[in-house]
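Heads up, the thing below is written out as structure tokens.
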Number of protein chains: 4
Amino acid sequence: MRKIDEGKKERVKLAVFEITRDEGIAGLSFGKIAKHANVSSGTPYVYYKDKTDMLGKIYLDVKDLLDTGLRASIAAGKTPEDKLFNCVYHFAQQFHEHPLESIYLDEVRDNPKVVTAEVIRQGNRLAQPVDNLFQELNEAGMFVINNQETLYALLFAPFIMVQKQRVVTDQPMMLSELETVIRLSIQGVLKNR
Amino acid sequence: MRKIDEGKKERVKLAVFEITRDEGIAGLSFGKIAKHANVSSGTPYVYYKDKTDMLGKIYLDVKDLLDTGLRASIAAGKTPEDKLFNCVYHFAQQFHEHPLESIYLDEVRDNPKVVTAEVIRQGNRLAQPVDNLFQELNEAGMFVINNQETLYALLFAPFIMVQKQRVVTDQPMMLSELETVIRLSIQGVLKNR
Amino acid sequence: MRKIDEGKKERVKLAVFEITRDEGIAGLSFGKIAKHANVSSGTPYVYYKDKTDMLGKIYLDVKDLLDTGLRASIAAGKTPEDKLFNCVYHFAQQFHEHPLESIYLDEVRDNPKVVTAEVIRQGNRLAQPVDNLFQELNEAGMFVINNQETLYALLFAPFIMVQKQRVVTDQPMMLSELETVIRLSIQGVLKNR
Amino acid sequence: MRKIDEGKKERVKLAVFEITRDEGIAGLSFGKIAKHANVSSGTPYVYYKDKTDMLGKIYLDVKDLLDTGLRASIAAGKTPEDKLFNCVYHFAQQFHEHPLESIYLDEVRDNPKVVTAEVIRQGNRLAQPVDNLFQELNEAGMFVINNQETLYALLFAPFIMVQKQRVVTDQPMMLSELETVIRLSIQGVLKNR
DNA sequence: AATGAATGAGCGTTCATTCAT
DNA sequence: CATGAATGAACGCTCATTCAT
């Protein structure tokens, strides 16, 4: 029995990331992926059932990767403010460390129809530590508003938008710039300023 | 010379909006559009050079529509804070009044490759009044940061994210909810709180 | 508005018949058909919704063609025996006159899954005159057995088998040979010999 | 040297029969067969050179199986008429006893292109006893016609058609029904009635 | 002997686009 | 201006076949 060639599988994933970065997730086609990854057109089907399955599995892989260390980051914060900053900043750092994966994540979030609702649900479950932290600070009365949806938008949307803007315009993104945005987002959301 | 049938052209645009809302911008095909609009498959080519041209022209139409009254809204604000609120809130109101067009706009912003870079540039030019206002308040030293990109993200990204979330999950969006988000965004961005 | 080019549509149908004759109905593919008919690969989709639709519509066309004149043939028979002979012989004649279409019909009958059950049902409805005649002679007590299914098999199966055998082995088929088979089949099925 | 696992080979054959019964011979794919037989996708290639070889070898196996006892059946007939009946009825019995194999046989006969011409020829050679009997009765002047092809069609086609009809419509087939058809076929073919 | 990862040709189908009418 | 028949490239996917293990 032949073992599955992990190099090939990785090349397929890499192709997905790079094409998504360069042409958007709408630009993904199995033909392009196979050519880019230098594998046969049938090879992706060895690893994935179909396109939706592929995009979904890779999405969850990416979620997993980017959530790695999140719990530890939060725990490392001494004050609640620190915890919150670490939490949000974690994803900015991950973007810096894993830009391809982060861009892919953003694209899937913007086009959730490319994966199943179940995959989105599973992905959200991985963000549990964020929810827990929000809940905790919320109960401590630290936020200017006690609504998760709004809080999430105020804290995450700004730096994600800046990220995307840079990707689209092909300009470099410095971590310190993201840090600034995040610090401002956090200040705007905490009561005692 | 026959005049182009504006009713047909409008039906084509409406078809684009409705299909985009229901299936995302990736679901747009000329065949679907023609059937939805009850015109022949060749008709859209009477009005537009090709698909990119169509999406781009409609994008600019929408931009134009949604910017209508922006200058007046800003001018109507008595204090600088009022002006800023009116400015951002204008787009929230437009979303409420023109949801189809707003959704289309969001989709194009998330998938900017469907139009040309030039179209995006032209679209941005229409937001001139926003830039002017930002510049003005900036020079008055009212912002916690003097960087247009960051300011834009802090003020617009949160409520846009909330909007999109509601559209995706098919939940209703009340204008007052958006107002809350926007007020918080603005407070977070102004110096003297 | 362009009119549909009937020549092209006919060439597509002819391609279906010829490929079916040469390679069996399993050998049919849209690629082969288009190449054979010298039309673009997308052209068959102008005429037919999909493969099943195409095979079904052509099947009904063929049924229609081959049933043409059946009623008249039966009516032309003076005695009941004559009517019966004319009825069965009609299809032998049609095979001789329209061999491609007849072969196609046989292949669909042998592989009924290539069309929908509804199409088969509609096709059977066209054979009404045969059923009527059988019923009539049956009530007159002329048959050695009063079971339509069995009668049909005894009268039609033999000459169809001979036909198919000749097609498969690429040997010519004379109408007089079929006539012999049919006369024997009929004698075997009538009471008073 | 390892022996080939006959259990596996049998499972492959059974898979071929069952898939053919359920989906027709066109539904056969090596992937399906392997999954159905619970063997690896490469395993059938251990036993067979390729698909044509597999279908052909299995066809000959089936022919062999279904011809088993034919000679004895014929010999057991006391009169020539009995011999003829036993000969034809033998295959009806085999259909009853080995329906999967018989259906497979019918499907290959209807789609002879799935095997080579040589295989068909070899298969026909196995029916030698039938030919011999026909020859014998022919020389005794018992038939209404002295043409093997025609005789074969008159005797075998009707009950095969009835069989197939029942399989397609998923209705049960009683041996006594086939017997009726066969008795009528034989009466129609013998001179002295 | 048996496995199953990998291949690449070919499948049915869609779709942006063209152009004769 | 408007139509819709026709095109052909590209799509997602299947499948017979090969071969390293």
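Chain lettering (A, B, ...) mirrors the order of the structure tokens, residue numbering begins at 1 for each chain separately, and ligand numbering begins at 1 in order of display.
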Practice problem: Pull out every residue of chain C sitting within 8 Å of chain D, counting only C-alpha atoms, and send them as a list in words. | Solution: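 That gives the following set of residues: Glu23, Gly24, Ala26, Glu107, Asp110, Asn111, Lys113, Glu149, Thr150, Ala153, Leu154, Leu155, Phe156, Ala157, Pro158, Phe159, Met161, Val162, Val168, Val181, Leu184, Ser185, Gln187, Gly188 and Val189 of chain C.
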Could you turn the residues from that selection into a file that holds N, CA, C and O atoms, as a compact mmCIF listing (two decimals), in the first residue's frame?
# COMPACT_ATOMS: atom_id res chain seq x y z
N GLU C 23 -21.37 1.95 -32.37
CA GLU C 23 -20.71 1.67 -31.09
C GLU C 23 -21.69 1.33 -29.98
O GLU C 23 -21.28 1.16 -28.83
N GLY C 24 -22.96 1.29 -30.32
CA GLY C 24 -23.96 1.04 -29.27
C GLY C 24 -24.29 2.32 -28.54
O GLY C 24 -23.53 3.29 -28.60
N ALA C 26 -24.17 2.93 -25.54
CA ALA C 26 -23.20 3.23 -24.48
C ALA C 26 -22.04 4.05 -25.04
O ALA C 26 -21.33 4.71 -24.30
N GLU C 107 -31.91 -0.13 -29.33
CA GLU C 107 -30.90 0.10 -28.29
C GLU C 107 -31.52 0.77 -27.06
O GLU C 107 -31.18 0.44 -25.93
N ASP C 110 -33.36 -1.75 -25.11
CA ASP C 110 -32.48 -2.64 -24.36
C ASP C 110 -31.82 -1.93 -23.19
O ASP C 110 -31.31 -2.57 -22.28
N ASN C 111 -31.79 -0.61 -23.24
CA ASN C 111 -31.15 0.17 -22.17
C ASN C 111 -32.09 1.28 -21.73
O ASN C 111 -31.78 2.46 -21.85
N LYS C 113 -32.77 2.67 -19.15
CA LYS C 113 -32.35 3.65 -18.14
C LYS C 113 -31.80 4.93 -18.77
O LYS C 113 -31.64 5.92 -18.06
N GLU C 149 -48.89 -9.63 -23.06
CA GLU C 149 -47.44 -9.68 -22.90
C GLU C 149 -46.85 -10.84 -23.71
O GLU C 149 -45.87 -10.68 -24.45
N THR C 150 -47.46 -12.01 -23.54
CA THR C 150 -46.96 -13.19 -24.23
C THR C 150 -47.13 -13.06 -25.74
O THR C 150 -46.22 -13.37 -26.52
N ALA C 153 -44.56 -10.81 -27.19
CA ALA C 153 -43.25 -11.47 -27.25
C ALA C 153 -43.19 -12.46 -28.40
O ALA C 153 -42.21 -12.53 -29.15
N LEU C 154 -44.26 -13.25 -28.55
CA LEU C 154 -44.24 -14.27 -29.61
C LEU C 154 -44.22 -13.65 -31.00
O LEU C 154 -43.63 -14.20 -31.94
N LEU C 155 -44.85 -12.50 -31.13
CA LEU C 155 -44.96 -11.89 -32.46
C LEU C 155 -43.79 -10.96 -32.81
O LEU C 155 -43.37 -10.90 -33.96
N PHE C 156 -43.29 -10.26 -31.83
CA PHE C 156 -42.28 -9.26 -32.15
C PHE C 156 -40.85 -9.70 -31.85
O PHE C 156 -39.92 -9.34 -32.56
N ALA C 157 -40.68 -10.44 -30.77
CA ALA C 157 -39.32 -10.78 -30.35
C ALA C 157 -38.51 -11.48 -31.44
O ALA C 157 -37.36 -11.12 -31.67
N PRO C 158 -39.10 -12.48 -32.13
CA PRO C 158 -38.27 -13.20 -33.10
C PRO C 158 -37.68 -12.33 -34.21
O PRO C 158 -36.47 -12.34 -34.43
N PHE C 159 -38.49 -11.53 -34.85
CA PHE C 159 -37.88 -10.78 -35.96
C PHE C 159 -36.97 -9.67 -35.47
O PHE C 159 -36.00 -9.31 -36.12
N MET C 161 -35.02 -10.01 -32.89
CA MET C 161 -33.75 -10.69 -32.62
C MET C 161 -32.96 -10.93 -33.90
O MET C 161 -31.74 -10.71 -33.94
N VAL C 162 -33.67 -11.33 -34.94
CA VAL C 162 -32.97 -11.56 -36.21
C VAL C 162 -32.35 -10.25 -36.71
O VAL C 162 -31.18 -10.20 -37.10
N VAL C 168 -25.44 -6.61 -35.57
CA VAL C 168 -24.23 -6.88 -34.81
C VAL C 168 -23.16 -7.52 -35.69
O VAL C 168 -21.98 -7.18 -35.62
N VAL C 181 -39.99 -14.80 -41.12
CA VAL C 181 -40.01 -14.94 -39.66
C VAL C 181 -41.38 -14.51 -39.13
O VAL C 181 -41.98 -15.20 -38.29
N LEU C 184 -44.21 -16.96 -39.79
CA LEU C 184 -44.14 -18.11 -38.89
C LEU C 184 -44.62 -17.72 -37.49
O LEU C 184 -45.35 -18.48 -36.83
N SER C 185 -44.20 -16.56 -37.04
CA SER C 185 -44.63 -16.10 -35.72
C SER C 185 -46.16 -16.02 -35.65
O SER C 185 -46.78 -16.45 -34.67
N GLN C 187 -48.40 -17.55 -37.58
CA GLN C 187 -49.01 -18.88 -37.63
C GLN C 187 -48.97 -19.55 -36.26
O GLN C 187 -49.91 -20.23 -35.86
N GLY C 188 -47.87 -19.31 -35.55
CA GLY C 188 -47.73 -19.95 -34.24
C GLY C 188 -48.67 -19.38 -33.20
O GLY C 188 -48.87 -19.98 -32.14
N VAL C 189 -49.26 -18.29 -33.51
CA VAL C 189 -50.03 -17.58 -32.51
C VAL C 189 -51.54 -17.66 -32.78
O VAL C 189 -52.36 -17.41 -31.90
Pull the closest atom pair for each residue of chain D that gets at most 10 Å from chain F, along with the distance in Å to one decimal, counting only C-alpha atoms (C1' of nucleotides), ordering rows by chain and then ascending residue number, as a Markdown table.
| residue | atom | partner | partner_atom | distance |
| --- | --- | --- | --- | --- |
| D:Ser29 | CA | F:DC15 | C1' | 7.1 |
| D:Phe30 | CA | F:DA16 | C1' | 7.3 |
| D:Gly31 | CA | F:DC15 | C1' | 7.5 |
| D:Gly42 | CA | F:DT17 | C1' | 9.0 |
| D:Tyr45 | CA | F:DT17 | C1' | 8.9 |
| D:Lys49 | CA | F:DT17 | C1' | 10.0 |
| D:Asp50 | CA | F:DA16 | C1' | 8.0 |
| D:Lys51 | CA | F:DA16 | C1' | 7.6 |
Practice problem: Considering only C-alpha atoms (C1' of nucleotides), return as number ranges by chain whatever protein or nucleic-acid residues lie within 9 Å of region 54-67 of chain C, sequence-local ones (same chain, fewer than 3 positions apart) excluded. | Solution: C: 13, 16, 44-45, 47-51, 70-71, 90-91, 94-95, 98, 101-102, 104-105, 108, 114-116, 119-120, 122-124, 126-127
Output for the residues just chosen: N, CA, C and O atoms as a short mmCIF file (atom, residue, chain, number, x, y, z; two decimals), in the first residue's frame:
data_model
loop_
_atom_site.label_atom_id
_atom_site.label_comp_id
_atom_site.auth_asym_id
_atom_site.auth_seq_id
_atom_site.Cartn_x
_atom_site.Cartn_y
_atom_site.Cartn_z
N LYS C 13 -28.91 14.71 -34.77
CA LYS C 13 -29.70 13.48 -34.67
C LYS C 13 -29.05 12.35 -35.47
O LYS C 13 -28.95 11.21 -34.99
N VAL C 16 -26.23 10.92 -33.63
CA VAL C 16 -26.69 10.02 -32.56
C VAL C 16 -27.01 8.65 -33.14
O VAL C 16 -26.59 7.61 -32.61
N PRO C 44 -25.48 20.96 -29.06
CA PRO C 44 -26.59 20.08 -28.68
C PRO C 44 -27.41 20.64 -27.52
O PRO C 44 -28.60 20.37 -27.41
N TYR C 45 -26.79 21.43 -26.68
CA TYR C 45 -27.51 21.99 -25.54
C TYR C 45 -28.45 23.12 -25.95
O TYR C 45 -29.27 23.57 -25.16
N TYR C 47 -30.48 22.59 -28.38
CA TYR C 47 -31.68 21.85 -28.77
C TYR C 47 -32.25 21.01 -27.63
O TYR C 47 -33.45 20.73 -27.59
N TYR C 48 -31.38 20.56 -26.74
CA TYR C 48 -31.81 19.65 -25.70
C TYR C 48 -31.30 20.10 -24.34
O TYR C 48 -30.20 20.63 -24.23
N LYS C 49 -32.09 19.84 -23.32
CA LYS C 49 -31.74 20.28 -21.97
C LYS C 49 -30.51 19.54 -21.44
O LYS C 49 -29.62 20.13 -20.86
N ASP C 50 -30.49 18.26 -21.62
CA ASP C 50 -29.33 17.48 -21.21
C ASP C 50 -29.36 16.15 -21.97
O ASP C 50 -30.18 15.95 -22.85
N LYS C 51 -28.47 15.24 -21.61
CA LYS C 51 -28.34 14.02 -22.39
C LYS C 51 -29.63 13.19 -22.34
O LYS C 51 -30.10 12.68 -23.35
N LEU C 70 -48.99 3.14 -39.38
CA LEU C 70 -49.36 1.87 -38.75
C LEU C 70 -50.87 1.64 -38.81
O LEU C 70 -51.36 0.59 -39.25
N ARG C 71 -51.60 2.64 -38.40
CA ARG C 71 -53.05 2.53 -38.38
C ARG C 71 -53.59 2.21 -39.78
O ARG C 71 -54.44 1.32 -39.95
N HIS C 90 -45.41 -4.06 -40.63
CA HIS C 90 -45.18 -2.61 -40.68
C HIS C 90 -43.82 -2.24 -40.08
O HIS C 90 -43.04 -1.47 -40.65
N PHE C 91 -43.53 -2.83 -38.92
CA PHE C 91 -42.28 -2.47 -38.24
C PHE C 91 -41.06 -3.06 -38.95
O PHE C 91 -39.98 -2.48 -38.92
N GLN C 94 -40.49 -0.69 -41.75
CA GLN C 94 -39.89 0.53 -41.23
C GLN C 94 -38.41 0.30 -40.92
O GLN C 94 -37.57 1.18 -41.16
N PHE C 95 -38.10 -0.87 -40.42
CA PHE C 95 -36.70 -1.18 -40.16
C PHE C 95 -35.91 -1.11 -41.46
O PHE C 95 -34.78 -0.63 -41.50
N HIS C 98 -35.99 2.68 -42.49
CA HIS C 98 -35.32 3.56 -41.53
C HIS C 98 -34.45 2.74 -40.60
O HIS C 98 -34.70 2.67 -39.40
N GLU C 101 -32.85 4.62 -37.49
CA GLU C 101 -33.82 4.93 -36.45
C GLU C 101 -34.26 3.66 -35.72
O GLU C 101 -34.42 3.66 -34.49
N SER C 102 -34.45 2.58 -36.46
CA SER C 102 -34.90 1.34 -35.84
C SER C 102 -33.85 0.78 -34.89
O SER C 102 -34.17 0.29 -33.80
N TYR C 104 -31.63 2.51 -33.33
CA TYR C 104 -31.65 3.37 -32.16
C TYR C 104 -32.77 2.96 -31.20
O TYR C 104 -32.57 2.83 -29.99
N LEU C 105 -33.93 2.72 -31.77
CA LEU C 105 -35.08 2.31 -30.97
C LEU C 105 -34.77 1.03 -30.19
O LEU C 105 -35.05 0.93 -28.98
N VAL C 108 -32.42 1.71 -27.29
CA VAL C 108 -33.06 2.35 -26.14
C VAL C 108 -33.92 1.33 -25.39
O VAL C 108 -33.93 1.29 -24.16
N VAL C 114 -31.50 4.91 -20.05
CA VAL C 114 -30.95 6.14 -20.65
C VAL C 114 -32.01 7.22 -20.84
O VAL C 114 -31.68 8.37 -21.10
N VAL C 115 -33.27 6.83 -20.74
CA VAL C 115 -34.34 7.84 -20.81
C VAL C 115 -35.20 7.75 -19.55
O VAL C 115 -35.04 6.83 -18.75
N THR C 116 -36.09 8.68 -19.38
CA THR C 116 -36.93 8.64 -18.18
C THR C 116 -38.08 7.65 -18.37
O THR C 116 -38.44 7.30 -19.49
N VAL C 119 -40.86 9.01 -20.51
CA VAL C 119 -40.66 8.92 -21.97
C VAL C 119 -41.06 7.54 -22.48
O VAL C 119 -41.73 7.42 -23.50
N ILE C 120 -40.66 6.52 -21.74
CA ILE C 120 -41.04 5.15 -22.13
C ILE C 120 -42.56 5.05 -22.17
O ILE C 120 -43.14 4.50 -23.12
N GLN C 122 -44.78 7.45 -22.56
CA GLN C 122 -45.30 8.18 -23.72
C GLN C 122 -45.10 7.40 -25.01
O GLN C 122 -45.97 7.37 -25.87
N GLY C 123 -43.94 6.79 -25.11
CA GLY C 123 -43.65 6.01 -26.32
C GLY C 123 -44.62 4.85 -26.47
O GLY C 123 -45.11 4.56 -27.56
N ASN C 124 -44.91 4.21 -25.37
CA ASN C 124 -45.84 3.07 -25.43
C ASN C 124 -47.24 3.51 -25.87
O ASN C 124 -47.93 2.76 -26.56
N LEU C 126 -47.96 5.50 -28.02
CA LEU C 126 -48.03 5.61 -29.48
C LEU C 126 -48.37 4.28 -30.14
O LEU C 126 -48.82 4.23 -31.28
N ALA C 127 -48.10 3.18 -29.42
CA ALA C 127 -48.34 1.87 -30.01
C ALA C 127 -49.79 1.42 -29.84
O ALA C 127 -50.14 0.27 -30.10
#
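As for CA of Val12 (chain A) and CA of Ala37 (chain A), they are spaced 5.3 Å apart.
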Exercise. Report as a ChimeraX atom specification the set of chain E residues whose atoms approach chain B to within 12 Å, with distances computed over only C-alpha atoms (C1' of nucleotides).
Key: /E:14-19
